[in-house]
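Text of entry_16.cif (mmCIF, C-alpha atoms) as supplied:
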```cif
data_run
#
loop_
_atom_site.label_atom_id
_atom_site.label_comp_id
_atom_site.auth_asym_id
_atom_site.auth_seq_id
_atom_site.Cartn_x
_atom_site.Cartn_y
_atom_site.Cartn_z
CA MET I 176 91.39 102.26 88.02
CA GLU I 177 92.28 99.77 85.30
CA ARG I 178 91.44 96.11 85.58
CA GLN I 179 94.04 94.08 87.44
CA PRO I 180 95.96 91.72 85.12
CA ASP I 181 94.99 88.07 85.04
CA MET I 182 95.52 85.13 82.69
CA GLU I 183 92.47 85.95 80.56
CA MET I 184 93.61 89.55 80.14
CA PHE I 185 97.16 88.51 79.21
CA ASP I 186 95.86 86.00 76.65
CA CYS I 187 93.64 88.64 75.07
CA VAL I 188 96.42 91.24 74.82
CA ILE I 189 98.90 88.69 73.49
CA ARG I 190 96.46 87.63 70.73
CA GLN I 191 95.92 91.28 69.76
CA LEU I 192 99.66 91.96 69.68
CA GLN I 193 100.26 88.84 67.62
CA ASP I 194 97.73 90.09 65.06
CA VAL I 195 99.42 93.51 64.92
CA ASP I 196 102.83 91.88 64.80
CA ASP I 197 101.85 89.78 61.78
CA VAL I 198 100.44 92.78 59.90
CA LEU I 199 103.51 94.93 60.56
CA LEU I 200 105.84 92.16 59.50
CA MET I 201 103.96 91.63 56.23
CA GLU I 202 104.06 95.37 55.48
CA GLY I 203 107.76 95.65 56.27
CA HIS I 204 107.54 97.99 59.28
CA ASN I 205 110.66 96.59 60.89
CA LYS I 206 111.10 99.25 63.58
CA SER I 207 107.49 99.02 64.75
CA HIS I 208 107.62 95.26 64.40
CA LYS I 209 110.57 95.18 66.82
CA LYS I 210 108.60 97.23 69.38
CA VAL I 211 105.59 94.95 69.16
CA SER I 212 107.81 91.86 69.42
CA ASP I 213 109.44 93.29 72.55
CA ALA I 214 106.01 94.00 74.04
CA LEU I 215 104.90 90.48 73.14
CA ASP I 216 107.96 89.00 74.86
CA LEU I 217 107.27 91.11 77.95
CA LEU I 218 103.66 89.98 78.16
CA ASN I 219 104.64 86.34 77.69
CA TRP I 220 107.12 86.75 80.53
CA ALA I 221 104.46 88.36 82.73
CA GLU I 222 102.05 85.52 81.97
CA ASP I 223 104.68 82.97 83.01
CA MET I 224 105.31 84.96 86.19
CA LEU I 225 101.69 85.13 87.37
CA PRO I 226 101.79 81.91 89.46
CA SER I 227 104.94 82.97 91.30
CA MET I 228 103.47 86.48 91.78
CA ALA I 229 100.50 84.91 93.59
CA LEU I 230 102.80 82.89 95.84
CA HIS I 231 104.92 85.98 96.53
CA CYS I 232 101.78 87.90 97.51
CA MET I 233 101.00 85.18 100.06
CA ALA I 234 104.54 85.10 101.46
CA THR I 235 104.70 88.90 101.87
CA ARG I 236 101.29 89.44 103.48
CA HIS I 237 101.50 90.74 107.04
CA SER I 238 99.05 92.42 109.39
CA THR I 239 98.89 96.22 109.48
CA ARG I 240 97.93 97.87 112.78
CA HIS I 241 98.77 101.50 112.02
CA PHE I 242 96.65 103.16 109.34
CA LYS I 243 96.47 106.54 107.69
CA GLN I 244 93.07 108.20 107.97
CA GLU I 245 92.84 108.62 104.20
CA PRO I 246 89.73 106.88 102.80
CA VAL I 247 90.40 103.80 100.70
CA ASP I 248 90.08 104.38 96.97
CA ALA I 249 86.61 103.20 95.91
CA GLU I 250 87.86 100.97 93.09
CA LYS I 251 90.49 99.33 95.28
CA LEU I 252 87.85 98.71 97.93
CA ARG I 253 85.55 97.18 95.33
CA GLN I 254 88.32 94.82 94.20
CA VAL I 255 89.06 93.74 97.77
CA ILE I 256 85.38 93.00 98.43
CA GLU I 257 85.06 91.17 95.13
CA ALA I 258 88.01 88.98 96.13
CA GLY I 259 86.09 88.07 99.27
CA ARG I 260 82.96 87.30 97.27
CA GLN I 261 84.97 85.01 94.98
CA ALA I 262 86.11 82.85 97.91
CA PRO I 263 84.97 79.22 98.12
CA SER I 264 82.02 78.31 100.32
CA GLY I 265 80.52 75.06 101.56
CA LYS I 266 78.25 73.56 98.86
CA ASN I 267 78.78 76.87 97.02
CA LYS I 268 76.13 78.47 99.24
CA GLN I 269 77.68 81.95 98.87
CA GLN I 270 75.91 83.30 101.94
CA ASN I 271 78.61 85.47 103.49
CA HIS I 272 77.24 88.94 104.17
CA PHE I 273 79.80 91.75 103.87
CA LEU I 274 79.02 94.89 105.87
CA VAL I 275 81.48 97.55 104.66
CA VAL I 276 81.74 100.28 107.28
CA ARG I 277 83.30 103.58 106.15
CA ASP I 278 81.24 106.08 108.13
CA PRO I 279 83.54 107.53 110.84
CA ASP I 280 80.64 107.97 113.25
CA VAL I 281 79.62 104.33 112.88
CA LEU I 282 83.22 103.21 113.37
CA ASP I 283 83.43 105.34 116.52
CA THR I 284 80.16 103.90 117.83
CA LEU I 285 81.31 100.32 117.19
CA ALA I 286 84.61 101.04 118.97
CA ARG I 287 82.77 102.55 121.93
CA LEU I 288 80.29 99.68 122.25
CA VAL I 289 83.02 97.05 122.02
CA ARG I 290 85.08 98.92 124.62
CA GLU I 291 82.12 99.24 126.99
CA GLU I 292 81.14 95.58 126.70
CA PHE I 293 84.69 94.32 127.29
CA ALA I 294 85.16 96.76 130.17
CA GLY I 295 82.23 95.10 131.91
CA MET I 296 83.95 91.71 131.85
CA GLU I 297 86.57 90.21 134.13
CA ILE I 298 89.69 88.36 133.08
CA THR I 299 89.60 84.67 133.95
CA ASP I 300 91.85 81.69 133.37
CA GLU I 301 89.49 80.60 130.61
CA ASN I 302 89.42 83.89 128.65
CA SER I 303 92.78 85.49 129.43
CA GLU I 304 94.58 84.19 126.34
CA ASP I 305 91.84 85.22 123.93
CA ILE I 306 90.30 88.42 125.23
CA GLY I 307 92.35 89.26 128.32
CA ASN I 308 94.16 92.14 126.63
CA ALA I 309 90.92 93.50 125.18
CA ILE I 310 89.37 93.54 128.66
CA ARG I 311 92.45 95.11 130.23
CA LEU I 312 92.71 97.94 127.68
CA SER I 313 88.95 98.52 127.66
CA LYS I 314 88.97 99.06 131.43
CA LYS I 315 91.62 101.74 130.84
CA GLY I 316 89.34 103.38 128.26
CA THR I 317 91.95 103.26 125.48
CA TYR I 318 90.84 100.26 123.43
CA VAL I 319 90.04 100.72 119.72
CA PHE I 320 89.53 97.22 118.39
CA HIS I 321 89.88 98.06 114.67
CA TYR I 322 93.17 100.00 115.03
CA HIS I 323 91.60 103.25 113.74
CA ALA I 324 91.39 101.85 110.20
CA PRO I 325 89.17 103.98 107.91
CA THR I 326 87.33 100.89 106.66
CA LEU I 327 86.05 97.86 108.55
CA ILE I 328 84.65 94.93 106.59
CA ILE I 329 82.42 92.81 108.81
CA VAL I 330 81.65 89.31 107.54
CA ALA I 331 78.46 87.71 108.83
CA ASN I 332 76.90 84.36 108.02
CA LYS I 333 73.91 82.27 109.04
CA ARG I 334 73.57 81.12 112.64
CA GLY I 335 74.00 77.39 112.99
CA TYR I 336 75.35 76.90 109.48
CA GLY I 337 78.07 74.25 109.71
CA ASN I 338 80.62 75.99 107.46
CA ARG I 339 80.07 79.51 108.79
CA TYR I 340 83.60 79.88 110.18
CA ALA I 341 85.27 78.23 107.20
CA ASP I 342 83.40 80.34 104.64
CA THR I 343 84.21 83.52 106.55
CA ALA I 344 87.89 82.60 106.89
CA CYS I 345 88.24 81.88 103.18
CA ALA I 346 86.68 85.24 102.30
CA ILE I 347 88.84 87.22 104.71
CA GLU I 348 92.05 85.54 103.54
CA ASN I 349 91.13 86.35 99.92
CA MET I 350 90.56 89.97 100.90
CA MET I 351 93.86 90.20 102.78
CA LEU I 352 95.76 88.88 99.76
CA ALA I 353 93.94 91.30 97.46
CA ALA I 354 94.75 94.15 99.84
CA ASN I 355 98.44 93.29 99.73
CA ALA I 356 98.38 93.15 95.93
CA LEU I 357 96.75 96.61 95.87
CA ASP I 358 99.27 98.19 98.32
CA LEU I 359 96.69 98.30 101.12
CA GLY I 360 97.18 97.20 104.70
CA SER I 361 94.79 94.84 106.45
CA CYS I 362 94.35 93.05 109.75
CA TRP I 363 92.06 90.23 110.81
CA ILE I 364 89.73 91.42 113.58
CA ASN I 365 88.25 88.91 116.05
CA GLN I 366 86.54 91.15 118.59
CA LEU I 367 83.09 91.28 116.97
CA ARG I 368 83.19 87.49 116.68
CA TRP I 369 84.00 87.21 120.39
CA LEU I 370 80.95 89.39 121.04
CA LYS I 371 78.73 87.70 118.43
CA ASP I 372 76.11 86.80 121.06
CA ASN I 373 76.26 90.13 122.88
CA PRO I 374 72.77 91.73 122.71
CA VAL I 375 74.09 95.30 122.57
CA LEU I 376 76.32 94.60 119.58
CA LEU I 377 73.69 92.41 117.93
CA ASP I 378 71.08 95.17 118.10
CA TYR I 379 73.44 97.76 116.65
CA LEU I 380 74.70 95.50 113.88
CA CYS I 381 71.12 94.70 112.91
CA GLU I 382 70.49 98.45 112.70
CA LEU I 383 73.41 98.62 110.26
CA GLY I 384 71.92 95.92 108.03
CA MET I 385 72.88 92.54 109.46
CA GLN I 386 69.99 90.06 109.30
CA GLU I 387 68.45 88.66 112.46
CA ASP I 388 69.44 85.11 111.48
CA GLU I 389 73.10 86.14 111.03
CA GLN I 390 76.09 86.53 113.32
CA VAL I 391 79.56 87.99 112.84
CA PHE I 392 82.26 85.37 112.34
CA GLY I 393 85.17 87.61 111.34
CA SER I 394 86.10 91.15 110.34
CA LEU I 395 88.87 92.95 108.48
CA SER I 396 90.45 96.34 109.09
CA LEU I 397 91.52 97.93 105.82
CA GLY I 398 93.39 101.07 104.83
CA TYR I 399 96.64 102.66 103.71
CA PRO I 400 99.53 101.70 106.01
CA ASP I 401 100.94 104.53 108.10
CA THR I 402 104.52 103.80 107.06
CA GLU I 403 107.31 105.92 105.58
CA ASP I 404 106.71 104.64 102.07
CA GLY I 405 102.96 104.14 102.54
CA LEU I 406 103.25 100.44 101.72
CA PRO I 407 102.52 97.35 103.81
CA ASN I 408 105.35 95.47 105.49
CA ARG I 409 106.36 92.86 102.93
CA LYS I 410 109.38 91.30 104.61
CA ILE I 411 109.42 87.55 104.07
CA LEU I 412 109.78 85.85 107.45
CA PRO I 413 110.75 82.24 108.19
CA ILE I 414 107.87 79.98 109.20
CA ARG I 415 108.79 78.28 112.49
CA GLY I 416 105.52 76.47 113.17
CA ASN I 417 102.74 74.89 111.12
CA GLU I 418 104.15 71.37 111.03
CA VAL I 419 103.86 69.36 107.79
CA THR I 420 103.63 65.57 107.64
CA TYR I 421 103.72 63.82 104.27
CA ILE I 422 102.01 60.45 103.99
CA GLY I 423 103.07 58.53 100.92
#
```
If you took the structure in this file and wrote it as C-alpha coordinates, what would it be?
Amino acid sequence: MERQPDMEMFDCVIRQLQDVDDVLLMEGHNKSHKKVSDALDLLNWAEDMLPSMALHCMATRHSTRHFKQEPVDAEKLRQVIEAGRQAPSGKNKQQNHFLVVRDPDVLDTLARLVREEFAGMEITDENSEDIGNAIRLSKKGTYVFHYHAPTLIIVANKRGYGNRYADTACAIENMMLAANALDLGSCWINQLRWLKDNPVLLDYLCELGMQEDEQVFGSLSLGYPDTEDGLPNRKILPIRGNEVTYIG
(Lines of atoms letter the chains of each structure in order from A and count residues from 1; the text may use other names and numbers.)
(Lines give C-alpha, C1' and ligand atoms only; values in the text may rest on other atoms or scores of the structure.)
Protein backbone atom coordinates (compact mmCIF):
# COMPACT_ATOMS: atom_id res chain seq x y z
CA MET A 1 0.00 0.00 0.00
CA GLU A 2 1.42 3.37 -0.99
CA ARG A 3 1.76 6.21 1.46
CA GLN A 4 -1.37 8.31 1.81
CA PRO A 5 -0.93 11.81 0.31
CA ASP A 6 -0.24 14.70 2.64
CA MET A 7 1.13 18.23 2.31
CA GLU A 8 4.76 17.11 2.68
CA MET A 9 4.33 14.48 -0.03
CA PHE A 10 2.65 16.94 -2.41
CA ASP A 11 5.42 19.51 -1.86
CA CYS A 12 8.09 16.91 -2.58
CA VAL A 13 6.44 15.68 -5.79
CA ILE A 14 5.77 19.22 -6.99
CA ARG A 15 9.44 20.18 -6.49
CA GLN A 16 10.54 17.09 -8.43
CA LEU A 17 8.11 17.83 -11.27
CA GLN A 18 9.23 21.45 -11.38
CA ASP A 19 12.83 20.28 -11.81
CA VAL A 20 11.83 17.91 -14.63
CA ASP A 21 9.64 20.57 -16.17
CA ASP A 22 12.53 23.05 -16.29
CA VAL A 23 14.89 20.51 -17.89
CA LEU A 24 12.37 19.49 -20.54
CA LEU A 25 11.59 23.08 -21.38
CA MET A 26 15.27 23.94 -21.79
CA GLU A 27 15.78 20.92 -24.08
CA GLY A 28 12.73 21.72 -26.19
CA HIS A 29 10.64 18.63 -25.39
CA ASN A 30 7.36 20.44 -25.84
CA LYS A 31 5.08 17.39 -25.82
CA SER A 32 6.61 15.95 -22.66
CA HIS A 33 6.76 19.42 -21.16
CA LYS A 34 2.99 19.74 -21.64
CA LYS A 35 2.40 16.43 -19.83
CA VAL A 36 4.57 17.46 -16.89
CA SER A 37 2.88 20.86 -16.73
CA ASP A 38 -0.54 19.18 -16.65
CA ALA A 39 0.64 16.87 -13.86
CA LEU A 40 2.03 19.87 -11.99
CA ASP A 41 -1.30 21.69 -12.29
CA LEU A 42 -3.13 18.61 -11.03
CA LEU A 43 -0.88 18.27 -8.00
CA ASN A 44 -1.21 21.97 -7.19
CA TRP A 45 -4.97 21.57 -7.35
CA ALA A 46 -4.83 18.51 -5.08
CA GLU A 47 -2.67 20.41 -2.60
CA ASP A 48 -5.21 23.24 -2.50
CA MET A 49 -8.00 20.70 -2.00
CA LEU A 50 -6.46 18.90 0.99
CA PRO A 51 -8.10 21.09 3.68
CA SER A 52 -11.57 20.68 2.17
CA MET A 53 -10.93 16.92 1.76
CA ALA A 54 -10.31 16.68 5.51
CA LEU A 55 -13.53 18.55 6.28
CA HIS A 56 -15.44 16.35 3.82
CA CYS A 57 -14.07 13.24 5.54
CA MET A 58 -15.46 14.55 8.84
CA ALA A 59 -18.86 15.41 7.37
CA THR A 60 -19.26 12.00 5.70
CA ARG A 61 -18.18 9.81 8.62
CA HIS A 62 -20.97 7.60 9.94
CA SER A 63 -21.09 4.51 12.13
CA THR A 64 -21.03 1.08 10.49
CA ARG A 65 -22.83 -1.76 12.26
CA HIS A 66 -22.81 -4.42 9.54
CA PHE A 67 -19.39 -5.77 8.58
CA LYS A 68 -18.02 -8.28 6.12
CA GLN A 69 -15.96 -11.02 7.74
CA GLU A 70 -13.00 -10.27 5.49
CA PRO A 71 -9.89 -9.38 7.53
CA VAL A 72 -8.78 -5.76 7.33
CA ASP A 73 -5.78 -5.19 5.09
CA ALA A 74 -2.69 -5.03 7.31
CA GLU A 75 -1.43 -1.73 5.90
CA LYS A 76 -4.82 -0.07 6.22
CA LEU A 77 -5.05 -1.29 9.81
CA ARG A 78 -1.58 0.08 10.53
CA GLN A 79 -2.59 3.48 9.17
CA VAL A 80 -5.76 3.55 11.28
CA ILE A 81 -3.80 2.70 14.44
CA GLU A 82 -1.13 5.26 13.59
CA ALA A 83 -3.86 7.90 13.28
CA GLY A 84 -4.92 7.02 16.81
CA ARG A 85 -1.35 7.23 18.06
CA GLN A 86 -0.99 10.69 16.49
CA ALA A 87 -3.94 12.06 18.48
CA PRO A 88 -3.36 14.78 21.08
CA SER A 89 -3.04 13.84 24.73
CA GLY A 90 -2.98 15.78 27.98
CA LYS A 91 0.53 17.16 28.61
CA ASN A 92 1.58 15.03 25.62
CA LYS A 93 1.69 11.98 27.90
CA GLN A 94 0.95 9.57 25.01
CA GLN A 95 -0.15 6.79 27.33
CA ASN A 96 -3.09 5.33 25.43
CA HIS A 97 -2.67 1.57 25.07
CA PHE A 98 -4.14 0.10 21.88
CA LEU A 99 -5.09 -3.57 22.07
CA VAL A 100 -5.82 -4.67 18.49
CA VAL A 101 -7.93 -7.82 18.55
CA ARG A 102 -8.12 -9.81 15.29
CA ASP A 103 -8.21 -13.36 16.62
CA PRO A 104 -11.75 -14.70 16.00
CA ASP A 105 -11.61 -16.88 19.10
CA VAL A 106 -10.68 -13.92 21.29
CA LEU A 107 -13.45 -11.82 19.75
CA ASP A 108 -15.93 -14.63 20.43
CA THR A 109 -14.73 -14.93 24.03
CA LEU A 110 -15.04 -11.18 24.60
CA ALA A 111 -18.56 -11.21 23.13
CA ARG A 112 -19.53 -14.14 25.35
CA LEU A 113 -18.13 -12.59 28.53
CA VAL A 114 -19.79 -9.24 27.85
CA ARG A 115 -23.09 -10.99 27.13
CA GLU A 116 -22.89 -13.07 30.32
CA GLU A 117 -22.04 -10.10 32.53
CA PHE A 118 -24.84 -7.94 31.13
CA ALA A 119 -27.29 -10.84 31.35
CA GLY A 120 -26.65 -10.97 35.09
CA MET A 121 -27.76 -7.36 35.53
CA GLU A 122 -31.22 -5.85 35.86
CA ILE A 123 -32.53 -2.78 34.07
CA THR A 124 -33.13 0.15 36.39
CA ASP A 125 -34.21 3.75 35.99
CA GLU A 126 -30.59 4.76 36.45
CA ASN A 127 -29.06 2.46 33.78
CA SER A 128 -31.88 2.00 31.26
CA GLU A 129 -30.79 4.76 28.89
CA ASP A 130 -27.15 3.66 28.80
CA ILE A 131 -27.08 -0.12 29.05
CA GLY A 132 -30.75 -1.13 29.11
CA ASN A 133 -30.68 -2.48 25.56
CA ALA A 134 -27.43 -4.35 26.19
CA ILE A 135 -28.99 -6.04 29.23
CA ARG A 136 -32.20 -6.85 27.38
CA LEU A 137 -30.47 -8.43 24.37
CA SER A 138 -27.94 -10.25 26.56
CA LYS A 139 -30.76 -11.93 28.49
CA LYS A 140 -32.08 -13.17 25.13
CA GLY A 141 -28.62 -14.58 24.34
CA THR A 142 -28.29 -12.67 21.06
CA TYR A 143 -26.04 -9.76 22.01
CA VAL A 144 -22.74 -9.27 20.16
CA PHE A 145 -21.42 -5.94 21.37
CA HIS A 146 -18.88 -5.36 18.57
CA TYR A 147 -21.33 -6.04 15.70
CA HIS A 148 -19.30 -9.03 14.43
CA ALA A 149 -16.53 -6.74 13.16
CA PRO A 150 -13.34 -8.66 12.27
CA THR A 151 -11.20 -6.19 14.22
CA LEU A 152 -11.77 -4.58 17.60
CA ILE A 153 -9.39 -1.87 18.77
CA ILE A 154 -9.56 -1.50 22.54
CA VAL A 155 -8.12 1.73 23.97
CA ALA A 156 -6.97 1.60 27.58
CA ASN A 157 -5.34 4.25 29.72
CA LYS A 158 -4.12 4.72 33.29
CA ARG A 159 -6.58 4.45 36.16
CA GLY A 160 -7.15 7.78 37.85
CA TYR A 161 -5.43 9.81 35.14
CA GLY A 162 -7.43 13.02 34.75
CA ASN A 163 -7.44 13.10 30.94
CA ARG A 164 -8.05 9.39 30.40
CA TYR A 165 -11.44 9.86 28.72
CA ALA A 166 -10.34 12.85 26.65
CA ASP A 167 -7.17 11.16 25.38
CA THR A 168 -9.12 8.04 24.46
CA ALA A 169 -11.83 10.03 22.68
CA CYS A 170 -9.30 11.97 20.61
CA ALA A 171 -7.59 8.75 19.54
CA ILE A 172 -10.81 6.99 18.58
CA GLU A 173 -12.08 9.97 16.59
CA ASN A 174 -8.78 10.10 14.69
CA MET A 175 -9.11 6.40 13.91
CA MET A 176 -12.71 6.76 12.73
CA LEU A 177 -11.73 9.54 10.35
CA ALA A 178 -8.79 7.52 9.05
CA ALA A 179 -11.08 4.53 8.56
CA ASN A 180 -13.47 6.62 6.47
CA ALA A 181 -10.60 7.94 4.35
CA LEU A 182 -9.45 4.34 3.75
CA ASP A 183 -12.95 3.05 2.78
CA LEU A 184 -13.32 1.16 6.06
CA GLY A 185 -16.31 1.14 8.35
CA SER A 186 -16.04 1.82 12.06
CA CYS A 187 -18.21 2.19 15.14
CA TRP A 188 -17.49 3.52 18.60
CA ILE A 189 -18.00 0.77 21.19
CA ASN A 190 -18.86 1.67 24.80
CA GLN A 191 -19.60 -1.71 26.34
CA LEU A 192 -16.11 -2.53 27.60
CA ARG A 193 -15.97 0.94 29.17
CA TRP A 194 -19.27 0.28 30.94
CA LEU A 195 -17.72 -2.91 32.29
CA LYS A 196 -14.31 -1.37 33.02
CA ASP A 197 -14.52 -2.34 36.71
CA ASN A 198 -15.96 -5.81 36.09
CA PRO A 199 -13.50 -8.38 37.53
CA VAL A 200 -14.26 -11.02 34.88
CA LEU A 201 -13.52 -8.66 32.00
CA LEU A 202 -10.55 -7.12 33.80
CA ASP A 203 -8.92 -10.53 34.31
CA TYR A 204 -9.40 -11.51 30.68
CA LEU A 205 -8.19 -8.19 29.31
CA CYS A 206 -5.08 -8.44 31.47
CA GLU A 207 -4.49 -11.89 29.98
CA LEU A 208 -4.61 -10.23 26.56
CA GLY A 209 -1.97 -7.67 27.52
CA MET A 210 -3.70 -4.81 29.32
CA GLN A 211 -1.65 -3.60 32.31
CA GLU A 212 -2.99 -3.92 35.83
CA ASP A 213 -2.94 -0.13 36.30
CA GLU A 214 -5.04 0.39 33.14
CA GLN A 215 -8.74 0.36 32.33
CA VAL A 216 -10.69 0.45 29.07
CA PHE A 217 -12.13 3.87 28.25
CA GLY A 218 -13.30 3.24 24.69
CA SER A 219 -13.16 0.77 21.80
CA LEU A 220 -13.61 0.75 18.04
CA SER A 221 -15.11 -1.87 15.75
CA LEU A 222 -13.37 -1.84 12.38
CA GLY A 223 -13.87 -3.63 9.07
CA TYR A 224 -15.20 -3.53 5.53
CA PRO A 225 -18.84 -2.40 5.43
CA ASP A 226 -21.32 -5.08 4.39
CA THR A 227 -22.94 -2.84 1.77
CA GLU A 228 -23.68 -3.25 -1.94
CA ASP A 229 -20.67 -1.21 -2.99
CA GLY A 230 -18.52 -2.24 -0.02
CA LEU A 231 -18.13 1.38 1.08
CA PRO A 232 -19.21 3.18 4.24
CA ASN A 233 -22.36 5.28 4.26
CA ARG A 234 -21.14 8.76 3.34
CA LYS A 235 -24.41 10.65 3.08
CA ILE A 236 -24.05 14.14 4.52
CA LEU A 237 -26.82 14.68 7.07
CA PRO A 238 -28.03 17.96 8.57
CA ILE A 239 -26.88 18.62 12.13
CA ARG A 240 -29.95 19.38 14.26
CA GLY A 241 -28.29 19.60 17.66
CA ASN A 242 -24.92 20.67 19.05
CA GLU A 243 -25.81 24.30 19.74
CA VAL A 244 -23.21 27.00 19.00
CA THR A 245 -22.96 30.30 20.86
CA TYR A 246 -20.52 32.95 19.66
CA ILE A 247 -19.18 35.41 22.22
CA GLY A 248 -17.62 38.45 20.64
- Which neighbours of Trp369 (chain I) fall inside 12 Å, counting all atoms listed in the file, when residues of the same chain fewer than 2 positions from it are skipped, and could you give them as a ChimeraX atom specification? /I:289,292-293,302,305-307,309-310,320,364-367,371-373,376-377,390-394
Expected file: the selected residues, C-alpha atoms, as a PDB file, in the coordinates of the input:
```pdb
ATOM      1  CA  VAL I 289      83.020  97.050 122.020  1.00  0.00           C
ATOM      2  CA  GLU I 292      81.140  95.580 126.700  1.00  0.00           C
ATOM      3  CA  PHE I 293      84.690  94.320 127.290  1.00  0.00           C
ATOM      4  CA  ASN I 302      89.420  83.890 128.650  1.00  0.00           C
ATOM      5  CA  ASP I 305      91.840  85.220 123.930  1.00  0.00           C
ATOM      6  CA  ILE I 306      90.300  88.420 125.230  1.00  0.00           C
ATOM      7  CA  GLY I 307      92.350  89.260 128.320  1.00  0.00           C
ATOM      8  CA  ALA I 309      90.920  93.500 125.180  1.00  0.00           C
ATOM      9  CA  ILE I 310      89.370  93.540 128.660  1.00  0.00           C
ATOM     10  CA  PHE I 320      89.530  97.220 118.390  1.00  0.00           C
ATOM     11  CA  ILE I 364      89.730  91.420 113.580  1.00  0.00           C
ATOM     12  CA  ASN I 365      88.250  88.910 116.050  1.00  0.00           C
ATOM     13  CA  GLN I 366      86.540  91.150 118.590  1.00  0.00           C
ATOM     14  CA  LEU I 367      83.090  91.280 116.970  1.00  0.00           C
ATOM     15  CA  LYS I 371      78.730  87.700 118.430  1.00  0.00           C
ATOM     16  CA  ASP I 372      76.110  86.800 121.060  1.00  0.00           C
ATOM     17  CA  ASN I 373      76.260  90.130 122.880  1.00  0.00           C
ATOM     18  CA  LEU I 376      76.320  94.600 119.580  1.00  0.00           C
ATOM     19  CA  LEU I 377      73.690  92.410 117.930  1.00  0.00           C
ATOM     20  CA  GLN I 390      76.090  86.530 113.320  1.00  0.00           C
ATOM     21  CA  VAL I 391      79.560  87.990 112.840  1.00  0.00           C
ATOM     22  CA  PHE I 392      82.260  85.370 112.340  1.00  0.00           C
ATOM     23  CA  GLY I 393      85.170  87.610 111.340  1.00  0.00           C
ATOM     24  CA  SER I 394      86.100  91.150 110.340  1.00  0.00           C
TER      25      SER I 394
END
```
- Message: Using Å and a single decimal, report how far CA of Cys345 (chain I) sits from CA of Ser264 (chain I).
- Response: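 We find that CA of Ser264 (chain I) and CA of Cys345 (chain I) lie 7.7 Å from each other.
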10 Å contact set for Asp283 (chain I), only C-alpha atoms, chain neighbours under 5 positions out, as a short mmCIF file (atom, residue, chain, number, x, y, z; two decimals) with C-alpha atoms, in the coordinates of the input:
```cif
data_model
loop_
_atom_site.label_atom_id
_atom_site.label_comp_id
_atom_site.auth_asym_id
_atom_site.auth_seq_id
_atom_site.Cartn_x
_atom_site.Cartn_y
_atom_site.Cartn_z
CA ASP I 278 81.24 106.08 108.13
CA LEU I 288 80.29 99.68 122.25
CA VAL I 289 83.02 97.05 122.02
CA VAL I 319 90.04 100.72 119.72
CA HIS I 321 89.88 98.06 114.67
CA HIS I 323 91.60 103.25 113.74
#
```
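Comparing the minimum interatomic distances between Glu387 (chain I) and each of I:Ala353, I:Ala331, I:Arg368, I:Tyr336, counting all atoms listed in the file, we find that I:Ala331 sits nearest.
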- Got a sec: who's within 9 Å of Ser238 (chain I), counting all atoms listed in the file, leaving out chain neighbours fewer than 2 positions off, as a list in words?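 Neighbouring residues, sequence-local ones excluded: Arg236, Arg240, Met351, Gly360, Ser361, Cys362, Trp363, Pro407 and Asn408 of chain I.
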- Message: I'd like to know which of I:His231, I:Arg277, I:Arg409, I:Lys268 is closest to Ile328 (chain I), using only C-alpha atoms.
- Response: I:Arg277
- Query: For Gly259 (chain I), which of I:Met385, I:Ile411, I:Ala344, I:Met296 is the closest residue, counting all atoms listed in the file?
  - Reply: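 The closest residue to Gly259 (chain I) is I:Ala344.
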- Query: How would you write, as a list in words, the residues chosen by the PyMOL selection byres ((chain I and resi 281) around 12) on this structure?
  - Reply: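 Those residues are Leu274, Val275, Val276, Arg277, Asp278, Pro279, Asp280, Leu282, Asp283, Thr284, Leu285, Ala286, Arg287, Leu288, Pro325, Thr326, Leu327, Tyr379, Leu380, Glu382 and Leu383 of chain I.
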